Amino acid sequence: MLFDMDGTLVDSEKVWEIALHELAAHAGGTLSPEARHAMIGSSMANSMRILREDLGQPDRPEAPDVEWLTDRVFELFGEGLVWRPGAMELLQAVRLAGLPTALVTSTGRRLVEVALKTLGAENFDVVVVGDEVSMPKPDPEPYRTAATLLGVPIEDCVAIEDSPTGVASALASGAAVLAVPAELELPPTDGVHLRTSLVGVDPDYLAALLVNRGLLPTER
C-alpha cells in the first residue's frame with residue numbers, strides 16, 4: 001500500500017494554505033487562488049517558482065522563503081493534524097492485515113517527521129519524502145522508489161492520492177490508483193478509480209481494485 005499524505009491521509013492542505021498566504025504577505029504581496037491551486041501536490045521548488053511568478057518577483061531568493069515557510073508549517077503541524085474521512089480506519093485495517101505500507105509525499109523530511117506524530121511512524125514500513133528524491137511528483141520516481149524499498153513489484157501496489165500531480169505520478173509508476181479528491185476536482189481518467197472519500201474502503205476493496213486494475217465503476 002502506497003499512501004500520499006497531504007490531502008489524502010490528513011487535511012494538511014489547509015495548513016499549507018495558511019502558511020503560503022502568510023508568506024505571500026511577508027513578501028509584500030497576495031497569493032492568487034489560481035497560484036495556490038497550482039501548488040497543491042507539487043514539490044517545494046515548484047511551489048516557490050509559482051509564488052515568485054504570481055507575486056511578480058522572479059528574482060526573489062528561494063532559500064529564505066523555503067526556510068520561512070518550513071518553519072511556519074512546522075509550527076502549525078506541531079499543533080496537530082486532522083485525519084481525512086476514513087483514512088485512519090483504512091490505515092489501521094491495512095496494518096492489521098499485515099500489508100507492506102509506505103508513505104509517499106512531496107513534503108520534506110523535517111515536516112513529515114512532525115506529521116508522523118499524528119499518523120504514527122509505526123504505521124509505515126517505508127517513508128519517501130519530497131526532498132530525498134531526484135525527481136518529485138508528478139514524476140513516477142517517488143512511487144517506484146517506495147515499491148523498491150518495500151520489496152514489492154509496483155504492479156502489485158495500490159497508490160492512494162488526492163491531487164492531479166500525485167495521480168499523474170502514481171499512474172505513471174505502474175501502480176493501481178485510487179483517487180479521492182480533496183481541494184481540487186479530479187476528472188475521470190483511464191486507470192484511475194475515483195471515490196468521494198475513503199470511508200468504507202478496506203483491504204478487500206483494495207485487493208479487488210488491484211485485480212481489476214482500475215476497472216471498477218467510479219463512485220460519486
# chains A, B, ... in the order shown; residues from 1 in each chain; ligands from 1
>>> residues_around(residues="segment 37-50 of chain A", least_positions_apart="3", cutoff="9 Å", atoms="only C-alpha atoms", output="PDB file with C-alpha atoms, in the first residue's frame")
ATOM      1  CA  ASP A   6      -1.267  15.915   2.352  1.00  0.00           C
ATOM      2  CA  GLY A   7      -4.954  15.893   1.476  1.00  0.00           C
ATOM      3  CA  GLU A  13      -3.541  21.318   2.700  1.00  0.00           C
ATOM      4  CA  SER A  32      -3.887  34.335  -6.054  1.00  0.00           C
ATOM      5  CA  PRO A  33      -6.337  31.403  -5.883  1.00  0.00           C
ATOM      6  CA  GLU A  34      -5.019  30.148  -9.217  1.00  0.00           C
ATOM      7  CA  GLU A  53       5.761  34.335 -10.686  1.00  0.00           C
ATOM      8  CA  ASP A  54       2.437  35.090  -9.007  1.00  0.00           C
ATOM      9  CA  LEU A  55       3.958  37.919  -6.948  1.00  0.00           C
ATOM     10  CA  PRO A  58      11.008  36.385 -10.449  1.00  0.00           C
ATOM     11  CA  GLU A  62      14.251  30.997  -2.900  1.00  0.00           C
ATOM     12  CA  ASP A  65      11.317  31.722   1.567  1.00  0.00           C
ATOM     13  CA  VAL A  66      11.705  27.953   1.892  1.00  0.00           C
ATOM     14  CA  THR A 105       4.805  12.531  -0.081  1.00  0.00           C
ATOM     15  CA  SER A 106       6.127  15.691  -1.729  1.00  0.00           C
ATOM     16  CA  THR A 107       6.597  17.229   1.721  1.00  0.00           C
ATOM     17  CA  GLY A 108      10.142  17.431   3.106  1.00  0.00           C
ATOM     18  CA  GLY A 130       9.984  15.114  -1.407  1.00  0.00           C
ATOM     19  CA  ASP A 131      13.457  16.380  -0.559  1.00  0.00           C
ATOM     20  CA  PRO A 136       9.480  14.584  -7.306  1.00  0.00           C
ATOM     21  CA  LYS A 137       5.837  14.097  -8.268  1.00  0.00           C
ATOM     22  CA  PRO A 138       4.448  14.164 -10.992  1.00  0.00           C
ATOM     23  CA  ASP A 162      -5.870  13.304  -3.893  1.00  0.00           C
ATOM     24  CA  SER A 163      -4.282  15.720  -6.403  1.00  0.00           C
ATOM     25  CA  PRO A 164      -3.711  15.763 -10.179  1.00  0.00           C
ATOM     26  CA  THR A 165       0.057  15.903  -9.613  1.00  0.00           C
ATOM     27  CA  GLY A 166       0.020  12.899  -7.304  1.00  0.00           C
ATOM     28  CA  GLU A 183      -9.014  20.523  -2.564  1.00  0.00           C
ATOM     29  CA  LEU A 184      -9.126  20.019  -6.344  1.00  0.00           C
TER      30      LEU A 184
END
>>> select_by_dssp(residues="segment 94-160 of chain A", states="alpha helix (DSSP H)", output="ChimeraX atom specification")
/A:94-96,109-119,141-150
>>> closest_residue(among="A:Val167, A:Thr196, A:Leu210, A:Leu9", to="Ala87 of chain A", atoms="only C-alpha atoms")
A:Leu9
>>> select_by_dssp(residues="segment 57-189 of chain A", states="strand (DSSP E or B)", output="PyMOL selection string")
chain A and resi 83+102-104+126-128+158-161+176-179
>>> residues_around(residues="segment 191-195 of chain A", least_positions_apart="2", cutoff="12 Å", atoms="only C-alpha atoms", output="ChimeraX atom specification")
/A:8,85-86,158-164,166-182,185-189,197-201,205-206,208-210,212-220
>>> atom_distance(atom1="atom CA of Val211 of chain A", atom2="atom CA of Met1 of chain A")
14.0 Å
>>> closest_residue(among="A:Trp16, A:Asn123, A:Pro100, A:Leu69", to="Gly151 of chain A", atoms="only C-alpha atoms")
A:Pro100
>>> residues_around(residues="segment 17-19 of chain A", least_positions_apart="5", cutoff="8 Å", atoms="only C-alpha atoms", output="PDB file with all heavy atoms, in the first residue's frame")
ATOM      1  N   ARG A  36      -2.329  29.262  -5.860  1.00  0.00           N
ATOM      2  CA  ARG A  36      -2.450  28.326  -4.738  1.00  0.00           C
ATOM      3  C   ARG A  36      -2.893  26.948  -5.228  1.00  0.00           C
ATOM      4  O   ARG A  36      -2.337  25.928  -4.815  1.00  0.00           O
ATOM      5  CB  ARG A  36      -3.444  28.872  -3.697  1.00  0.00           C
ATOM      6  CG  ARG A  36      -3.804  27.871  -2.612  1.00  0.00           C
ATOM      7  CD  ARG A  36      -2.601  27.448  -1.785  1.00  0.00           C
ATOM      8  NE  ARG A  36      -2.920  26.323  -0.908  1.00  0.00           N
ATOM      9  CZ  ARG A  36      -2.277  25.187  -0.888  1.00  0.00           C
ATOM     10  NH1 ARG A  36      -1.244  24.965  -1.697  1.00  0.00           N
ATOM     11  NH2 ARG A  36      -2.624  24.226  -0.049  1.00  0.00           N
ATOM     12  N   LEU A  69       8.815  29.377   5.195  1.00  0.00           N
ATOM     13  CA  LEU A  69       7.614  28.552   5.039  1.00  0.00           C
ATOM     14  C   LEU A  69       7.723  27.260   5.843  1.00  0.00           C
ATOM     15  O   LEU A  69       6.763  26.855   6.516  1.00  0.00           O
ATOM     16  CB  LEU A  69       7.398  28.229   3.553  1.00  0.00           C
ATOM     17  CG  LEU A  69       6.153  27.415   3.209  1.00  0.00           C
ATOM     18  CD1 LEU A  69       4.885  28.175   3.577  1.00  0.00           C
ATOM     19  CD2 LEU A  69       6.153  27.063   1.716  1.00  0.00           C
ATOM     20  N   ARG A  72       7.174  27.915   9.513  1.00  0.00           N
ATOM     21  CA  ARG A  72       5.768  28.200   9.836  1.00  0.00           C
ATOM     22  C   ARG A  72       4.913  26.937   9.784  1.00  0.00           C
ATOM     23  O   ARG A  72       4.085  26.696  10.686  1.00  0.00           O
ATOM     24  CB  ARG A  72       5.218  29.255   8.872  1.00  0.00           C
ATOM     25  CG  ARG A  72       3.765  29.652   9.144  1.00  0.00           C
ATOM     26  CD  ARG A  72       3.602  30.240  10.517  1.00  0.00           C
ATOM     27  NE  ARG A  72       2.238  30.706  10.743  1.00  0.00           N
ATOM     28  CZ  ARG A  72       1.536  30.450  11.842  1.00  0.00           C
ATOM     29  NH1 ARG A  72       2.064  29.748  12.833  1.00  0.00           N
ATOM     30  NH2 ARG A  72       0.318  30.932  11.977  1.00  0.00           N
ATOM     31  N   VAL A  73       5.104  26.106   8.752  1.00  0.00           N
ATOM     32  CA  VAL A  73       4.327  24.869   8.650  1.00  0.00           C
ATOM     33  C   VAL A  73       4.712  23.903   9.767  1.00  0.00           C
ATOM     34  O   VAL A  73       3.862  23.201  10.314  1.00  0.00           O
ATOM     35  CB  VAL A  73       4.513  24.220   7.264  1.00  0.00           C
ATOM     36  CG1 VAL A  73       3.797  22.868   7.194  1.00  0.00           C
ATOM     37  CG2 VAL A  73       3.971  25.145   6.168  1.00  0.00           C
TER      38      VAL A  73
END
>>> closest_residue(among="A:Cys157, A:Ala115, A:Ala121, A:Leu2", to="Gly80 of chain A", atoms="only C-alpha atoms")
A:Ala115
>>> closest_residue(among="A:Asp125, A:Glu155, A:Asp59, A:Asp202", to="Val104 of chain A", atoms="only C-alpha atoms")
A:Asp125
>>> closest_residue(among="A:Met135, A:Ala25, A:Val94, A:Val82", to="Leu119 of chain A", atoms="only C-alpha atoms")
A:Val82
